[in-house]
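So this one's structure25.tsv, TSV, C-alpha atoms (C1' of nucleotides):
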```tsv
chain	number	residue	atom	x	y	z
A	125	MET	CA	0.00	0.00	0.00
A	126	ARG	CA	1.30	3.44	-0.85
A	127	ILE	CA	0.97	6.64	1.09
A	128	GLY	CA	-2.13	7.97	-0.62
A	129	GLU	CA	-4.12	4.83	0.00
A	130	LEU	CA	-3.06	4.59	3.62
A	131	ALA	CA	-3.94	8.23	4.19
A	132	GLU	CA	-7.36	7.72	2.69
A	133	ARG	CA	-8.07	4.54	4.63
A	134	ALA	CA	-7.08	6.19	7.88
A	135	GLY	CA	-8.90	9.42	7.13
A	136	THR	CA	-5.84	11.58	7.19
A	137	THR	CA	-3.49	13.19	4.68
A	138	THR	CA	-0.25	12.21	3.05
A	139	ARG	CA	1.29	15.28	4.58
A	140	ALA	CA	0.51	14.05	8.06
A	141	LEU	CA	1.98	10.63	7.30
A	142	ARG	CA	5.24	12.15	6.11
A	143	TYR	CA	5.27	14.24	9.23
A	144	TYR	CA	4.80	11.17	11.45
A	145	GLU	CA	7.64	9.50	9.64
A	146	GLN	CA	9.79	12.54	10.19
A	147	LEU	CA	9.09	12.20	13.90
A	148	GLY	CA	10.06	8.55	13.75
A	149	LEU	CA	6.55	7.70	14.84
A	150	LEU	CA	5.53	5.78	11.75
A	151	PRO	CA	8.58	4.87	9.69
A	152	ALA	CA	7.91	3.39	6.27
A	153	ARG	CA	9.72	0.81	4.25
A	154	ARG	CA	10.61	1.87	0.76
A	155	ALA	CA	9.78	0.21	-2.53
A	156	GLY	CA	12.46	0.03	-5.22
A	157	ASN	CA	11.22	3.23	-6.78
A	158	GLY	CA	11.61	5.17	-3.55
A	159	TYR	CA	7.90	5.20	-2.76
A	160	ARG	CA	6.85	4.57	0.82
A	161	ALA	CA	5.35	1.11	1.33
A	162	TYR	CA	2.89	0.37	4.12
A	163	ASP	CA	0.99	-2.70	5.24
A	164	GLU	CA	-2.06	-3.47	7.34
A	165	GLY	CA	0.00	-3.29	10.50
A	166	ASP	CA	0.87	0.29	9.71
A	167	LEU	CA	-2.79	1.03	9.26
A	168	ARG	CA	-3.38	-0.36	12.71
A	169	LEU	CA	-0.64	1.83	14.16
A	170	LEU	CA	-2.01	4.85	12.40
A	171	ARG	CA	-5.49	4.22	13.71
A	172	GLU	CA	-4.10	3.98	17.20
A	173	ILE	CA	-2.40	7.34	16.74
A	174	ARG	CA	-5.56	8.99	15.46
A	175	MET	CA	-7.71	7.47	18.19
A	176	LEU	CA	-5.40	8.81	20.87
A	177	GLN	CA	-5.29	12.20	19.22
A	178	ASP	CA	-9.04	12.34	19.34
A	179	VAL	CA	-8.89	11.86	23.09
A	180	GLY	CA	-6.48	14.77	23.38
A	181	PHE	CA	-3.07	13.15	23.24
A	182	GLY	CA	-0.16	14.88	21.61
A	183	LEU	CA	1.80	12.94	19.03
A	184	GLU	CA	4.70	12.29	21.37
A	185	GLU	CA	2.32	10.82	23.89
A	186	THR	CA	1.13	8.29	21.37
A	187	ARG	CA	4.63	6.95	20.86
A	188	PRO	CA	4.60	4.36	23.64
A	189	PHE	CA	1.30	2.99	22.34
A	190	VAL	CA	2.63	2.70	18.83
A	191	GLU	CA	5.82	1.04	19.96
A	192	CYS	CA	3.81	-1.31	22.12
A	193	LEU	CA	1.78	-2.43	19.15
A	194	ARG	CA	4.88	-2.70	17.02
A	195	ALA	CA	6.43	-4.93	19.67
A	196	GLY	CA	3.63	-7.38	18.99
A	197	HIS	CA	1.30	-6.69	21.88
A	198	PRO	CA	-2.41	-7.10	21.21
A	199	GLU	CA	-3.31	-3.54	22.22
A	200	GLY	CA	-1.44	-0.28	22.24
A	201	ASP	CA	-2.01	0.03	25.96
A	202	SER	CA	-0.79	-3.45	26.88
A	203	CYS	CA	2.56	-2.06	27.96
A	204	PRO	CA	3.50	-0.38	31.24
A	205	ALA	CA	4.83	2.66	29.40
A	206	SER	CA	1.40	3.25	27.88
A	207	LEU	CA	-0.27	2.94	31.25
A	208	GLU	CA	2.14	5.50	32.60
A	209	VAL	CA	1.14	7.86	29.84
A	210	TYR	CA	-2.50	7.31	30.78
A	211	GLU	CA	-1.69	8.14	34.37
A	212	ARG	CA	0.31	11.21	33.48
A	213	LYS	CA	-2.48	12.38	31.23
A	214	LEU	CA	-5.06	11.88	33.93
A	215	ALA	CA	-2.92	13.84	36.38
A	216	GLU	CA	-2.41	16.55	33.81
A	217	LEU	CA	-6.12	16.76	33.11
A	218	ASP	CA	-6.94	16.83	36.81
A	219	ASP	CA	-4.47	19.62	37.33
A	220	CYS	CA	-5.82	21.59	34.42
A	221	ILE	CA	-9.41	21.12	35.56
A	222	ALA	CA	-8.51	22.18	39.08
A	223	ARG	CA	-6.86	25.35	37.83
A	224	LEU	CA	-9.81	26.18	35.63
A	225	ARG	CA	-12.22	25.60	38.49
A	226	ASP	CA	-10.18	27.87	40.64
A	227	ALA	CA	-10.19	30.54	37.96
A	228	ARG	CA	-13.92	30.08	37.52
A	229	ALA	CA	-14.50	30.52	41.23
A	230	ARG	CA	-12.47	33.72	41.28
A	231	VAL	CA	-14.30	35.16	38.28
A	232	ALA	CA	-17.65	34.15	39.72
A	233	GLY	CA	-16.75	35.86	42.97
A	234	GLN	CA	-15.85	39.07	41.18
A	235	PHE	CA	-18.96	38.86	39.08
A	236	GLU	CA	-21.27	38.45	42.03
A	237	ARG	CA	-19.60	41.23	43.94
A	238	ALA	CA	-19.95	43.54	40.94
A	239	VAL	CA	-23.61	42.65	40.50
A	240	ARG	CA	-24.33	43.32	44.15
A	241	ALA	CA	-22.54	46.65	43.95
A	242	ARG	CA	-24.57	47.60	40.91
A	243	ASP	CA	-27.85	46.64	42.56
A	244	GLU	CA	-27.03	48.51	45.71
A	245	LEU	CA	-26.12	51.56	43.74
A	246	ALA	CA	-29.40	51.37	41.82
A	247	ALA	CA	-31.31	50.95	45.04
A	248	SER	CA	-29.72	53.98	46.66
A	249	GLU	CA	-30.09	56.22	43.63
A	250	GLN	CA	-33.67	55.28	42.99
A	251	PRO	CA	-35.51	54.21	46.15
A	252	PRO	CA	-37.81	51.24	45.61
A	253	ARG	CA	-41.35	52.02	44.69
A	254	CYS	CA	-43.43	50.47	47.40
A	255	GLU	CA	-46.72	48.89	46.60
A	256	LEU	CA	-48.28	50.55	49.63
A	257	THR	CA	-47.21	54.07	48.76
A	258	ARG	CA	-48.02	53.83	45.07
A	259	PRO	CA	-50.53	51.05	44.73
A	260	THR	CA	-51.90	51.75	41.28
A	261	LYS	CA	-50.75	51.58	37.69
A	262	GLU	CA	-47.48	52.04	35.66
B	25	MET	CA	5.69	59.53	35.86
B	26	ARG	CA	7.64	57.98	33.00
B	27	ILE	CA	7.39	54.55	31.54
B	28	GLY	CA	10.13	52.89	33.56
B	29	GLU	CA	8.68	53.99	36.86
B	30	LEU	CA	5.18	52.94	35.94
B	31	ALA	CA	6.42	49.55	34.80
B	32	GLU	CA	8.27	49.02	38.02
B	33	ARG	CA	5.41	50.15	40.22
B	34	ALA	CA	3.00	47.84	38.41
B	35	GLY	CA	5.43	44.94	38.30
B	36	THR	CA	5.64	44.76	34.55
B	37	THR	CA	8.01	45.86	31.81
B	38	THR	CA	8.31	48.89	29.58
B	39	ARG	CA	7.89	46.60	26.61
B	40	ALA	CA	4.51	45.49	27.84
B	41	LEU	CA	3.40	49.09	28.36
B	42	ARG	CA	4.36	50.05	24.82
B	43	TYR	CA	2.51	47.02	23.61
B	44	TYR	CA	-0.62	48.01	25.53
B	45	GLU	CA	-0.41	51.44	24.04
B	46	GLN	CA	-0.04	49.92	20.60
B	47	LEU	CA	-3.27	48.04	21.26
B	48	GLY	CA	-4.90	51.29	22.32
B	49	LEU	CA	-5.44	49.78	25.72
B	50	LEU	CA	-3.35	52.21	27.69
B	51	PRO	CA	-2.60	55.32	25.64
B	52	ALA	CA	-0.10	57.74	27.11
B	53	ARG	CA	0.18	61.47	26.98
B	54	ARG	CA	3.50	62.79	25.84
B	55	ALA	CA	5.86	65.16	27.56
B	56	GLY	CA	7.58	67.88	25.55
B	57	ASN	CA	10.57	65.66	24.88
B	58	GLY	CA	8.41	62.90	23.44
B	59	TYR	CA	8.57	60.73	26.54
B	60	ARG	CA	5.39	58.98	27.60
B	61	ALA	CA	3.84	60.59	30.67
B	62	TYR	CA	1.62	58.64	33.05
B	63	ASP	CA	-0.24	59.50	36.23
B	64	GLU	CA	-1.77	57.65	39.15
B	65	GLY	CA	-4.90	56.95	37.16
B	66	ASP	CA	-2.86	55.10	34.59
B	67	LEU	CA	-1.35	53.05	37.36
B	68	ARG	CA	-4.85	52.14	38.46
B	69	LEU	CA	-5.78	51.11	34.91
B	70	LEU	CA	-2.65	49.09	34.60
B	71	ARG	CA	-3.29	47.31	37.86
B	72	GLU	CA	-6.76	46.45	36.65
B	73	ILE	CA	-5.28	44.97	33.51
B	74	ARG	CA	-2.75	42.89	35.40
B	75	MET	CA	-5.33	41.72	37.91
B	76	LEU	CA	-7.60	40.49	35.16
B	77	GLN	CA	-4.74	38.84	33.37
B	78	ASP	CA	-3.92	36.93	36.51
B	79	VAL	CA	-7.44	35.55	36.51
B	80	GLY	CA	-6.98	34.37	32.96
B	81	PHE	CA	-8.32	37.21	30.84
B	82	GLY	CA	-6.77	38.06	27.53
B	83	LEU	CA	-5.80	41.66	26.92
B	84	GLU	CA	-8.80	42.35	24.69
B	85	GLU	CA	-11.10	41.11	27.41
B	86	THR	CA	-9.70	43.66	29.81
B	87	ARG	CA	-10.60	46.53	27.52
B	88	PRO	CA	-14.16	47.11	28.79
B	89	PHE	CA	-12.89	47.23	32.35
B	90	VAL	CA	-10.21	49.74	31.49
B	91	GLU	CA	-12.63	51.92	29.58
B	92	CYS	CA	-15.09	51.69	32.42
B	93	LEU	CA	-12.51	53.01	34.85
B	94	ARG	CA	-11.45	55.69	32.41
B	95	ALA	CA	-15.08	56.77	32.12
B	96	GLY	CA	-14.93	57.64	35.80
B	97	HIS	CA	-16.65	54.66	37.35
B	98	PRO	CA	-15.41	53.58	40.75
B	99	GLU	CA	-14.58	50.02	39.68
B	100	GLY	CA	-13.62	48.46	36.39
B	101	ASP	CA	-16.59	46.18	36.59
B	102	SER	CA	-19.18	48.86	37.28
B	103	CYS	CA	-20.27	48.83	33.65
B	104	PRO	CA	-22.61	46.43	31.87
B	105	ALA	CA	-19.97	45.65	29.24
B	106	SER	CA	-17.65	44.39	31.94
B	107	LEU	CA	-20.36	42.22	33.42
B	108	GLU	CA	-20.95	40.75	30.00
B	109	VAL	CA	-17.30	39.88	29.75
B	110	TYR	CA	-17.55	38.18	33.12
B	111	GLU	CA	-20.51	36.17	31.91
B	112	ARG	CA	-18.82	35.25	28.66
B	113	LYS	CA	-15.74	34.20	30.55
B	114	LEU	CA	-17.74	32.09	32.94
B	115	ALA	CA	-19.47	30.35	30.05
B	116	GLU	CA	-16.16	29.84	28.33
B	117	LEU	CA	-14.63	28.38	31.46
B	118	ASP	CA	-17.62	26.12	31.99
B	119	ASP	CA	-17.38	24.88	28.46
B	120	CYS	CA	-13.68	24.25	28.74
B	121	ILE	CA	-14.07	22.46	32.05
B	122	ALA	CA	-16.83	20.29	30.62
B	123	ARG	CA	-14.71	19.29	27.66
B	124	LEU	CA	-11.79	18.46	29.88
B	125	ARG	CA	-13.98	16.39	32.14
B	126	ASP	CA	-15.26	14.51	29.17
B	127	ALA	CA	-11.73	13.87	27.96
B	128	ARG	CA	-10.75	12.77	31.44
B	129	ALA	CA	-13.62	10.33	31.60
B	130	ARG	CA	-12.68	8.82	28.26
B	131	VAL	CA	-9.04	8.44	29.24
B	132	ALA	CA	-9.99	7.00	32.60
B	133	GLY	CA	-12.22	4.46	30.86
B	134	GLN	CA	-9.40	3.40	28.57
B	135	PHE	CA	-7.01	3.24	31.44
B	136	GLU	CA	-9.23	1.04	33.58
B	137	ARG	CA	-9.97	-1.25	30.72
B	138	ALA	CA	-6.26	-1.63	29.99
B	139	VAL	CA	-5.47	-2.33	33.62
B	140	ARG	CA	-8.16	-4.99	33.81
B	141	ALA	CA	-6.85	-6.58	30.63
B	142	ARG	CA	-3.36	-6.62	32.06
B	143	ASP	CA	-4.48	-8.17	35.34
B	144	GLU	CA	-6.51	-10.82	33.60
B	145	LEU	CA	-3.61	-11.66	31.40
B	146	ALA	CA	-1.31	-11.94	34.38
B	147	ALA	CA	-3.82	-14.12	36.17
B	148	SER	CA	-4.18	-16.49	33.26
B	149	GLU	CA	-0.48	-16.76	32.52
B	150	GLN	CA	0.57	-17.25	36.09
B	151	PRO	CA	-2.11	-18.89	38.25
B	152	PRO	CA	-2.35	-17.34	41.70
B	153	ARG	CA	-0.31	-18.92	44.42
B	154	CYS	CA	-2.76	-20.09	46.98
B	155	GLU	CA	-1.96	-19.84	50.64
B	156	LEU	CA	-3.30	-23.36	51.21
B	157	THR	CA	-1.16	-25.04	48.59
B	158	ARG	CA	2.00	-23.14	49.41
B	159	PRO	CA	1.69	-21.94	52.97
B	160	THR	CA	5.32	-21.19	53.85
B	161	LYS	CA	8.06	-18.79	52.95
B	162	GLU	CA	9.37	-16.91	49.85
C	52	DG	C1'	32.27	66.81	26.47
C	53	DC	C1'	31.51	62.34	27.68
C	54	DT	C1'	29.62	58.41	29.81
C	55	DG	C1'	25.63	56.06	31.36
C	56	DG	C1'	21.00	55.46	31.94
C	57	DC	C1'	16.78	56.54	30.62
C	58	DG	C1'	13.70	57.23	26.53
C	59	DT	C1'	11.99	56.72	21.38
C	60	DT	C1'	10.56	53.86	17.01
C	61	DG	C1'	10.62	49.69	14.18
C	62	DA	C1'	11.33	45.15	13.13
C	63	DC	C1'	12.26	40.47	13.86
C	64	DG	C1'	12.10	36.27	17.04
C	65	DC	C1'	9.83	32.97	19.72
C	66	DC	C1'	7.06	29.39	21.68
C	67	DC	C1'	3.96	25.43	20.73
C	68	DG	C1'	2.11	21.57	17.88
C	69	DG	C1'	0.52	19.78	13.73
C	70	DG	C1'	0.73	20.00	9.86
C	71	DG	C1'	-0.51	23.18	4.86
C	72	DG	C1'	1.09	24.49	0.50
C	73	DA	C1'	4.17	25.36	-3.28
C	74	DA	C1'	8.26	24.41	-6.20
C	75	DG	C1'	10.58	21.30	-8.94
C	76	DG	C1'	11.63	16.62	-10.15
C	77	DT	C1'	10.36	11.12	-10.97
C	78	DT	C1'	7.29	7.29	-11.62
C	79	DT	C1'	3.15	5.10	-12.49
C	80	DA	C1'	-1.32	4.35	-14.59
C	81	DC	C1'	-4.58	4.55	-18.35
D	170	DG	C1'	1.38	11.07	-23.97
D	171	DT	C1'	-0.27	13.01	-20.19
D	172	DA	C1'	-2.41	13.24	-15.85
D	173	DA	C1'	-2.18	11.63	-11.28
D	174	DA	C1'	0.48	10.17	-7.62
D	175	DC	C1'	4.79	10.15	-5.61
D	176	DC	C1'	9.39	12.15	-4.07
D	177	DT	C1'	12.26	16.01	-1.47
D	178	DT	C1'	12.96	20.55	0.55
D	179	DC	C1'	11.52	24.66	1.97
D	180	DC	C1'	8.92	28.19	4.06
D	181	DC	C1'	4.41	29.50	6.34
D	182	DC	C1'	0.91	29.81	9.93
D	183	DC	C1'	-2.09	30.11	14.00
D	184	DG	C1'	-2.45	33.16	18.63
D	185	DG	C1'	-0.78	35.90	22.55
D	186	DG	C1'	2.30	38.46	24.73
D	187	DC	C1'	5.73	40.03	24.84
D	188	DG	C1'	11.74	39.60	24.43
D	189	DT	C1'	15.41	41.37	22.07
D	190	DC	C1'	18.09	43.89	19.25
D	191	DA	C1'	19.23	48.18	16.29
D	192	DA	C1'	19.88	52.79	15.82
D	193	DC	C1'	18.93	56.91	17.59
D	194	DG	C1'	17.49	61.05	21.04
D	195	DC	C1'	17.42	63.31	25.78
D	196	DC	C1'	19.31	64.52	30.13
D	197	DA	C1'	22.12	64.31	34.55
D	198	DG	C1'	26.48	64.23	36.73
D	199	DC	C1'	31.53	64.85	36.69
```
In structure tokens, how does this file's structure come out?
Amino acid sequence: MRIGELAERAGTTTRALRYYEQLGLLPARRAGNGYRAYDEGDLRLLREIRMLQDVGFGLEETRPFVECLRAGHPEGDSCPASLEVYERKLAELDDCIARLRDARARVAGQFERAVRARDELAASEQPPRCELTRPTKE
Amino acid sequence: MRIGELAERAGTTTRALRYYEQLGLLPARRAGNGYRAYDEGDLRLLREIRMLQDVGFGLEETRPFVECLRAGHPEGDSCPASLEVYERKLAELDDCIARLRDARARVAGQFERAVRARDELAASEQPPRCELTRPTKE
DNA sequence: GCTGGCGTTGACGCCCGGGGGAAGGTTTAC
DNA sequence: GTAAACCTTCCCCCGGGCGTCAACGCCAGC
């Protein structure tokens, strides 16, 4: 299989495949004419890469999974190195979520304070119209 | 006050101040010699900018707050435009947090599945040593 | 009058990942 | 024979927020 076919079957581009090869992530054998030659195993590796990217992994983070598959394991995450990446990613996500929640809390605090200040200002400038003092219309 | 002093008092750099001016965020009057001239009000604006940046606002998002202060309001968030930015930011943060949580859940699912697969494999390859069959040492 | 420390403008660099796109040359396929 | 697919190499880009020169002007002290 040549690069165009592989790209199409994996739903990516030839440009991306050359880039992965440049990273050493998905090296290709070469046919006599210099064309890159791929097989079904490479398709499997590529699908693993794309799947992990969809979940938010960077290309470097997919490397252990790819190498695990290439080493003959049934799944990309059958190796300890892959599990470590999972754990690191979970920690990273937790950290990021925590920081965002903290930021959210700070912004929400500011927002509520500002809203209260605005309401108090409005109340002092324009005293509330009481139903008992002005019972009827408008 | 000149640019160096303002930068130091606000804990930033002259480069940043020129950049803010370039954005129209913090325009400066000019002294006769062409030097930028700032006053205490500018320091206040600048502190507002830096405070918002610390909470995660981009420079453009600080603009309504700065203009609110410049319009003579007591706080940067005394204006409706600022409150809208707060609300937009809160929504943005909520969205981001939700997406991260989703990603985290997916990764966690993969991780747990992989760990179970590993444990089952280990159990099948090497049957558990039972206390009753091998009660003593090692 | 000279050094040093401020200031001015403008322009380029950078960081980060993940490629996009074009130029210029083979090889293959119909 | 020619179009499509492939090869390599190269630069570009996206956003934000500045850093870092370069080349020059202004002012104080000695």
Once chain A is fitted onto chain B by least squares over all its in-order Cα atoms, send the moved chain as an mmCIF file with C-alpha atoms, keeping the file's coordinate frame.
```
data_model
loop_
_atom_site.group_PDB
_atom_site.id
_atom_site.type_symbol
_atom_site.label_atom_id
_atom_site.label_comp_id
_atom_site.auth_asym_id
_atom_site.auth_seq_id
_atom_site.Cartn_x
_atom_site.Cartn_y
_atom_site.Cartn_z
ATOM 1 C CA MET A 125 5.488 59.982 35.590
ATOM 2 C CA ARG A 126 7.452 58.422 32.770
ATOM 3 C CA ILE A 127 7.267 54.926 31.408
ATOM 4 C CA GLY A 128 10.050 53.412 33.474
ATOM 5 C CA GLU A 129 8.576 54.557 36.748
ATOM 6 C CA LEU A 130 5.090 53.401 35.855
ATOM 7 C CA ALA A 131 6.413 50.016 34.786
ATOM 8 C CA GLU A 132 8.271 49.626 38.042
ATOM 9 C CA ARG A 133 5.343 50.710 40.193
ATOM 10 C CA ALA A 134 3.032 48.300 38.428
ATOM 11 C CA GLY A 135 5.532 45.462 38.412
ATOM 12 C CA THR A 136 5.736 45.183 34.681
ATOM 13 C CA THR A 137 8.086 46.279 31.908
ATOM 14 C CA THR A 138 8.320 49.260 29.633
ATOM 15 C CA ARG A 139 8.002 46.896 26.727
ATOM 16 C CA ALA A 140 4.621 45.729 27.926
ATOM 17 C CA LEU A 141 3.425 49.307 28.379
ATOM 18 C CA ARG A 142 4.382 50.216 24.828
ATOM 19 C CA TYR A 143 2.599 47.117 23.678
ATOM 20 C CA TYR A 144 -0.578 48.087 25.559
ATOM 21 C CA GLU A 145 -0.403 51.493 23.980
ATOM 22 C CA GLN A 146 -0.024 49.911 20.586
ATOM 23 C CA LEU A 147 -3.228 48.003 21.265
ATOM 24 C CA GLY A 148 -4.940 51.225 22.251
ATOM 25 C CA LEU A 149 -5.456 49.756 25.687
ATOM 26 C CA LEU A 150 -3.397 52.273 27.609
ATOM 27 C CA PRO A 151 -2.716 55.332 25.475
ATOM 28 C CA ALA A 152 -0.255 57.842 26.883
ATOM 29 C CA ARG A 153 -0.065 61.574 26.656
ATOM 30 C CA ARG A 154 3.224 62.921 25.447
ATOM 31 C CA ALA A 155 5.528 65.429 27.081
ATOM 32 C CA GLY A 156 7.164 68.095 24.919
ATOM 33 C CA ASN A 157 10.220 65.940 24.437
ATOM 34 C CA GLY A 158 8.192 63.058 23.047
ATOM 35 C CA TYR A 159 8.373 60.995 26.224
ATOM 36 C CA ARG A 160 5.233 59.212 27.355
ATOM 37 C CA ALA A 161 3.600 60.867 30.368
ATOM 38 C CA TYR A 162 1.420 58.934 32.795
ATOM 39 C CA ASP A 163 -0.477 59.817 35.944
ATOM 40 C CA GLU A 164 -1.937 57.989 38.915
ATOM 41 C CA GLY A 165 -5.068 57.193 36.958
ATOM 42 C CA ASP A 166 -2.995 55.309 34.439
ATOM 43 C CA LEU A 167 -1.437 53.358 37.251
ATOM 44 C CA ARG A 168 -4.907 52.409 38.366
ATOM 45 C CA LEU A 169 -5.821 51.272 34.862
ATOM 46 C CA LEU A 170 -2.642 49.294 34.587
ATOM 47 C CA ARG A 171 -3.257 47.565 37.881
ATOM 48 C CA GLU A 172 -6.706 46.620 36.706
ATOM 49 C CA ILE A 173 -5.208 45.103 33.569
ATOM 50 C CA ARG A 174 -2.641 43.110 35.516
ATOM 51 C CA MET A 175 -5.187 41.925 38.065
ATOM 52 C CA LEU A 176 -7.445 40.617 35.326
ATOM 53 C CA GLN A 177 -4.537 38.965 33.582
ATOM 54 C CA ASP A 178 -3.718 37.136 36.757
ATOM 55 C CA VAL A 179 -7.214 35.689 36.769
ATOM 56 C CA GLY A 180 -6.728 34.449 33.221
ATOM 57 C CA PHE A 181 -8.108 37.238 31.080
ATOM 58 C CA GLY A 182 -6.596 38.055 27.738
ATOM 59 C CA LEU A 183 -5.671 41.656 27.076
ATOM 60 C CA GLU A 184 -8.652 42.261 24.828
ATOM 61 C CA GLU A 185 -10.941 41.041 27.557
ATOM 62 C CA THR A 186 -9.607 43.653 29.916
ATOM 63 C CA ARG A 187 -10.563 46.459 27.567
ATOM 64 C CA PRO A 188 -14.114 46.987 28.813
ATOM 65 C CA PHE A 189 -12.838 47.190 32.389
ATOM 66 C CA VAL A 190 -10.231 49.747 31.473
ATOM 67 C CA GLU A 191 -12.678 51.836 29.509
ATOM 68 C CA CYS A 192 -15.131 51.615 32.367
ATOM 69 C CA LEU A 193 -12.589 53.029 34.762
ATOM 70 C CA ARG A 194 -11.575 55.669 32.267
ATOM 71 C CA ALA A 195 -15.216 56.695 31.968
ATOM 72 C CA GLY A 196 -15.071 57.615 35.634
ATOM 73 C CA HIS A 197 -16.734 54.625 37.232
ATOM 74 C CA PRO A 198 -15.483 53.618 40.668
ATOM 75 C CA GLU A 199 -14.573 50.064 39.644
ATOM 76 C CA GLY A 200 -13.573 48.458 36.397
ATOM 77 C CA ASP A 201 -16.527 46.119 36.639
ATOM 78 C CA SER A 202 -19.148 48.792 37.295
ATOM 79 C CA CYS A 203 -20.236 48.706 33.671
ATOM 80 C CA PRO A 204 -22.548 46.236 31.933
ATOM 81 C CA ALA A 205 -19.911 45.482 29.312
ATOM 82 C CA SER A 206 -17.545 44.278 32.028
ATOM 83 C CA LEU A 207 -20.219 42.086 33.541
ATOM 84 C CA GLU A 208 -20.806 40.577 30.141
ATOM 85 C CA VAL A 209 -17.138 39.753 29.901
ATOM 86 C CA TYR A 210 -17.361 38.078 33.304
ATOM 87 C CA GLU A 211 -20.289 36.029 32.094
ATOM 88 C CA ARG A 212 -18.615 35.075 28.853
ATOM 89 C CA LYS A 213 -15.507 34.088 30.744
ATOM 90 C CA LEU A 214 -17.475 31.968 33.158
ATOM 91 C CA ALA A 215 -19.220 30.237 30.263
ATOM 92 C CA GLU A 216 -15.908 29.728 28.535
ATOM 93 C CA LEU A 217 -14.357 28.274 31.662
ATOM 94 C CA ASP A 218 -17.343 26.012 32.241
ATOM 95 C CA ASP A 219 -17.123 24.773 28.696
ATOM 96 C CA CYS A 220 -13.418 24.158 28.958
ATOM 97 C CA ILE A 221 -13.790 22.346 32.272
ATOM 98 C CA ALA A 222 -16.576 20.201 30.871
ATOM 99 C CA ARG A 223 -14.466 19.197 27.893
ATOM 100 C CA LEU A 224 -11.514 18.367 30.091
ATOM 101 C CA ARG A 225 -13.696 16.302 32.393
ATOM 102 C CA ASP A 226 -15.020 14.445 29.437
ATOM 103 C CA ALA A 227 -11.512 13.790 28.183
ATOM 104 C CA ARG A 228 -10.478 12.696 31.655
ATOM 105 C CA ALA A 229 -13.364 10.261 31.841
ATOM 106 C CA ARG A 230 -12.454 8.755 28.484
ATOM 107 C CA VAL A 231 -8.796 8.367 29.429
ATOM 108 C CA ALA A 232 -9.723 6.913 32.797
ATOM 109 C CA GLY A 233 -11.986 4.419 31.079
ATOM 110 C CA GLN A 234 -9.218 3.322 28.745
ATOM 111 C CA PHE A 235 -6.778 3.145 31.598
ATOM 112 C CA GLU A 236 -8.986 0.953 33.726
ATOM 113 C CA ARG A 237 -9.790 -1.328 30.843
ATOM 114 C CA ALA A 238 -6.086 -1.706 30.071
ATOM 115 C CA VAL A 239 -5.260 -2.449 33.697
ATOM 116 C CA ARG A 240 -7.960 -5.088 33.891
ATOM 117 C CA ALA A 241 -6.720 -6.673 30.684
ATOM 118 C CA ARG A 242 -3.199 -6.765 32.047
ATOM 119 C CA ASP A 243 -4.301 -8.329 35.324
ATOM 120 C CA GLU A 244 -6.389 -10.928 33.598
ATOM 121 C CA LEU A 245 -3.538 -11.812 31.339
ATOM 122 C CA ALA A 246 -1.206 -12.169 34.325
ATOM 123 C CA ALA A 247 -3.744 -14.311 36.105
ATOM 124 C CA SER A 248 -4.168 -16.668 33.174
ATOM 125 C CA GLU A 249 -0.465 -16.989 32.455
ATOM 126 C CA GLN A 250 0.495 -17.559 36.042
ATOM 127 C CA PRO A 251 -2.295 -19.156 38.087
ATOM 128 C CA PRO A 252 -2.617 -17.697 41.576
ATOM 129 C CA ARG A 253 -0.662 -19.390 44.277
ATOM 130 C CA CYS A 254 -3.220 -20.511 46.781
ATOM 131 C CA GLU A 255 -2.473 -20.397 50.440
ATOM 132 C CA LEU A 256 -4.003 -23.836 50.884
ATOM 133 C CA THR A 257 -1.933 -25.548 48.223
ATOM 134 C CA ARG A 258 1.343 -23.888 49.141
ATOM 135 C CA PRO A 259 0.980 -22.763 52.711
ATOM 136 C CA THR A 260 4.594 -22.172 53.638
ATOM 137 C CA LYS A 261 7.365 -19.744 52.821
ATOM 138 C CA GLU A 262 8.577 -17.622 49.812
#
```
**OP:** Just need the residues of chain A within 10 Å of chain C, counting all atoms listed in the file, so spit them out as a PyMOL selection string.
**Re:** chain A and resi 137+139-144+157-159+182-183
Hey, can you spit out that residue selection with C-alpha atoms as a PDB file, in the coordinates of the input?
```pdb
ATOM      1  CA  THR A 137      -3.490  13.190   4.680  1.00  0.00           C
ATOM      2  CA  ARG A 139       1.290  15.280   4.580  1.00  0.00           C
ATOM      3  CA  ALA A 140       0.510  14.050   8.060  1.00  0.00           C
ATOM      4  CA  LEU A 141       1.980  10.630   7.300  1.00  0.00           C
ATOM      5  CA  ARG A 142       5.240  12.150   6.110  1.00  0.00           C
ATOM      6  CA  TYR A 143       5.270  14.240   9.230  1.00  0.00           C
ATOM      7  CA  TYR A 144       4.800  11.170  11.450  1.00  0.00           C
ATOM      8  CA  ASN A 157      11.220   3.230  -6.780  1.00  0.00           C
ATOM      9  CA  GLY A 158      11.610   5.170  -3.550  1.00  0.00           C
ATOM     10  CA  TYR A 159       7.900   5.200  -2.760  1.00  0.00           C
ATOM     11  CA  GLY A 182      -0.160  14.880  21.610  1.00  0.00           C
ATOM     12  CA  LEU A 183       1.800  12.940  19.030  1.00  0.00           C
TER      13      LEU A 183
END
```
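In this structure, atom CA of Arg137 of chain B sits 28.8 Å away from atom CA of Ala131 of chain A.
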Distance table requested - chain D against chain A, cut-off 8 Å, all atoms listed in the file: one row per qualifying residue with the closest atom pair and its distance in Å to one decimal, ordered by chain and rising residue number, as JSON lines.
```
{"residue": "D:DA174", "atom": "C1'", "partner": "A:Gly128", "partner_atom": "CA", "distance": 7.8}
{"residue": "D:DC175", "atom": "C1'", "partner": "A:Tyr159", "partner_atom": "CA", "distance": 6.5}
{"residue": "D:DC176", "atom": "C1'", "partner": "A:Tyr159", "partner_atom": "CA", "distance": 7.2}
```
